[in-house]
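K.L.:
Let me begin by handing over the structure; questions about it come next.
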Amino acid sequence: MIGFYDYTVILTYLSLLSGISGVLVCLKGIGHPYLGMFFLLFSGLCDTFDGKVARSKKDRTEQAKRFGIQIDSLSDLVAFGVLPACIGIAMLRCSLEYTTLPNIHFIRLQEKPVFVQVVLTAIAALYVLAAMIRLAYFNVLEEEDQNRDANGEKIYLGLPVTSAALVFPAVLLLHVFVSADLTLLYFCVLIVMGFLFLSKIHIKKPQNREIALMIAFGVFEFAILAMILVFTKL
């Protein structure tokens with residue numbers, strides 16, 4: 001078989017499978033954006049460590065390294081590009097009815113006007129396009145070793161696509177505090193994230209302390225989502 005199947009690519013493969021599973025969950029029936037968020041968070045966790053795991057193998061061939069870069073971007077496009085867009089589409093059909101914990105109910109929303117559906121779907125599609133452009137451009141800079149600042153430190157040009165794993169679950173978790181339909185807010189965040197993906201802002205590559213904080217925040221989001229699903233009995 002073509003490809004590579006050693007331990008250095010396992011997390012990337014798992015991230016992709018998680019992203020695809022989340023997409024299918026969101027598109028099945030009326031969709032389920034909250035279950036989709038679990039898959040998004042898991043993909044984010046896999047992506048946090050896949051690079052470290054890959055670099056732990058000292059005798060990787062140049063072909064294996066290039067293969068790893070390609071599958072990482074392809075996986076990220078599905079998990080952090082397509083999946084957040086599908087979560088938004090699922091939010092057009094269903095949401096949480098909030099009163100007070102534990103009285104949270106999962107309900108089907110009234111169908112929005114066709115014009116609104118078309119506009120929001122277009123926003124979701126453009127978000128995926130922005131994510132693809134961001135990932136492809138990152139690969140170009142990586143091949144030319146231009147992802148560094150004047151001091152030679154590793155940087156990201158534009159907001160990393162993987163930040164979606166923490167940002168979008170936070171939007172849905174507002175349901176714990178706000179009794180309102182968050183669909184339009186979610187799509188506004190899609191727009192903002194898409195612009196930030198393509199912006200020229202410089203973001204330093206996070207170090208171990210920052211990574212630990214992001215993991216802790218992700219675990220917090222996971223726990224709150226789990227609590228919501230338990231209370232809604234889904």
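We label chains A, B, ... in the order they appear in the structure tokens, count residues from 1 in each chain, and number ligands from 1 in the order shown.
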Quick one: everything within 9 Å of Leu129 in chain A, counting only C-alpha atoms, minus sequence neighbours fewer than 4 positions away in the same chain. Send it as an MDAnalysis selection string.

P.N.:
chainID A and resid 81 124:125 133:134 194

K.L.:
Can you pull out every residue from range 9-234 of chain A that DSSP, working from the backbone, puts in strand (DSSP E), and format the result as a PyMOL selection string?

P.N.:
chain A and resi 94-98+104-108+155-157+202-204

K.L.:
Would you mind reading off the distance between CA of Lys205 in chain A and CA of Cys86 in chain A, one decimal, in Å?

P.N.:
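We find that CA of Lys205 in chain A and CA of Cys86 in chain A lie 28.0 Å from each other.
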
K.L.:
Using only C-alpha atoms, which residues sit within 9 Å of Glu111 in chain A once same-chain residues fewer than 3 positions away are excluded, as a PyMOL selection string?

P.N.:
chain A and resi 92-93+108+114+117

K.L.:
When distances are computed from only C-alpha atoms, which of A:Val9, A:Val167, A:Ile191, A:Ile228 shows the smallest separation from Met214 in chain A?

P.N.:
A:Val167

K.L.:
Calculated over only C-alpha atoms, which of the candidates A:Ala64, A:Val161, A:Ile215, A:Ile89 has the smallest distance to Ile2 in chain A?

P.N.:
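Distance minimum relative to Ile2 in chain A lands on A:Ala64.
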
K.L.:
Set the distance at 10 Å and use only C-alpha atoms: which residues neighbour Leu184 in chain A once local chain neighbours fewer than 6 positions away are removed? I'd like the list as a PyMOL selection string.

P.N.:
chain A and resi 88+91-92+116+120+190

K.L.:
For those residues, write C-alpha atoms to a file as a short mmCIF file (atom, residue, chain, number, x, y, z; two decimals), in the first residue's frame.

P.N.:
```
data_model
loop_
_atom_site.label_atom_id
_atom_site.label_comp_id
_atom_site.auth_asym_id
_atom_site.auth_seq_id
_atom_site.Cartn_x
_atom_site.Cartn_y
_atom_site.Cartn_z
CA GLY A 88 -23.13 26.03 11.85
CA MET A 91 -27.45 25.10 14.24
CA LEU A 92 -29.88 26.33 11.59
CA VAL A 116 -31.23 33.73 5.45
CA LEU A 120 -25.51 31.71 6.12
CA LEU A 190 -17.18 32.23 11.27
#
```

K.L.:
Between A:His32, A:Leu41, A:Ser75, A:Ile69, which has the minimum distance to Thr12 in chain A (counting only C-alpha atoms)?

P.N.:
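Between A:His32, A:Leu41, A:Ser75, A:Ile69, the residue approaching Thr12 in chain A most closely is A:Ser75.
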
K.L.:
Rank nothing, just name the residue among A:Tyr7, A:Leu27, A:Thr183, A:Lys154 nearest to Val53 in chain A, using only C-alpha atoms.

P.N.:
A:Tyr7

K.L.:
List the neighbours of Tyr34 in chain A out to 10 Å using only C-alpha atoms; skip same-chain residues closer than 5 positions along the sequence, and give me the result as JSON, numbers by chain.

P.N.:
{"A": [22, 25, 26, 39, 40, 87, 90, 91, 94, 95, 96, 106, 169, 172, 173, 225, 226, 228, 229, 234]}

K.L.:
Would you save the residues of that selection, restricted to C-alpha atoms, as a compact mmCIF listing (two decimals), in the first residue's frame?

P.N.:
```txt
# COMPACT_ATOMS: atom_id res chain seq x y z
CA GLY A 22 -18.35 15.12 13.40
CA VAL A 25 -23.21 13.67 12.92
CA CYS A 26 -23.99 17.29 12.07
CA PHE A 39 -15.33 15.62 17.63
CA LEU A 40 -13.93 19.11 17.04
CA ILE A 87 -21.81 22.64 12.94
CA ALA A 90 -26.73 22.05 12.05
CA MET A 91 -27.45 25.10 14.24
CA CYS A 94 -31.69 22.70 16.17
CA SER A 95 -30.52 24.30 19.40
CA LEU A 96 -30.85 24.25 23.16
CA PHE A 106 -32.75 20.07 22.91
CA PRO A 169 -17.13 25.34 21.40
CA LEU A 172 -22.02 27.15 21.96
CA LEU A 173 -21.25 27.10 25.68
CA LEU A 225 -20.49 20.01 26.87
CA ALA A 226 -20.64 16.60 28.50
CA ILE A 228 -25.16 19.58 28.82
CA LEU A 229 -25.57 16.32 26.94
CA LEU A 234 -28.78 12.59 24.45
```

K.L.:
Please identify all polymer residues within 7 Å of Leu11 in chain A, counting only C-alpha atoms, omitting same-chain residues fewer than 4 positions from it, and present them as a list in words.

P.N.:
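Skipping anything fewer than 4 positions along the chain leaves Ser15, Cys46 and Asp50 of chain A.
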
K.L.:
Using the selection just defined, write its residues with N, CA and C atoms as a PDB file, in the first residue's frame.

P.N.:
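Below you can see again.pdb, which holds the result:
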```
ATOM      1  N   SER A  15      -7.298  12.408  13.939  1.00  0.00           N
ATOM      2  CA  SER A  15      -7.905  13.736  13.838  1.00  0.00           C
ATOM      3  C   SER A  15      -8.824  13.820  12.629  1.00  0.00           C
ATOM      4  N   CYS A  46      -5.739  15.925  19.233  1.00  0.00           N
ATOM      5  CA  CYS A  46      -4.818  15.148  18.397  1.00  0.00           C
ATOM      6  C   CYS A  46      -3.810  16.062  17.709  1.00  0.00           C
ATOM      7  N   ASP A  50       0.384  15.840  17.534  1.00  0.00           N
ATOM      8  CA  ASP A  50       0.857  15.056  16.395  1.00  0.00           C
ATOM      9  C   ASP A  50       2.249  15.475  15.924  1.00  0.00           C
TER      10      ASP A  50
END
```

K.L.:
Per DSSP on the backbone, filter range 34-215 of chain A down to the residues in helix (DSSP H, G or I) and report them as a PyMOL selection string.

P.N.:
chain A and resi 34-55+62-91+114-143+161-176+183-198+208-215

K.L.:
Name all residues at most 9 Å from Pro160 in chain A (count only C-alpha atoms; drop same-chain ones fewer than 6 positions away) and give them as number ranges by chain.

P.N.:
A: 131, 134-135, 196-197, 203

K.L.:
Would you mind reading off the distance between CA of Leu24 in chain A and CA of Gly158 in chain A, one decimal, in Å?

P.N.:
28.9 Å
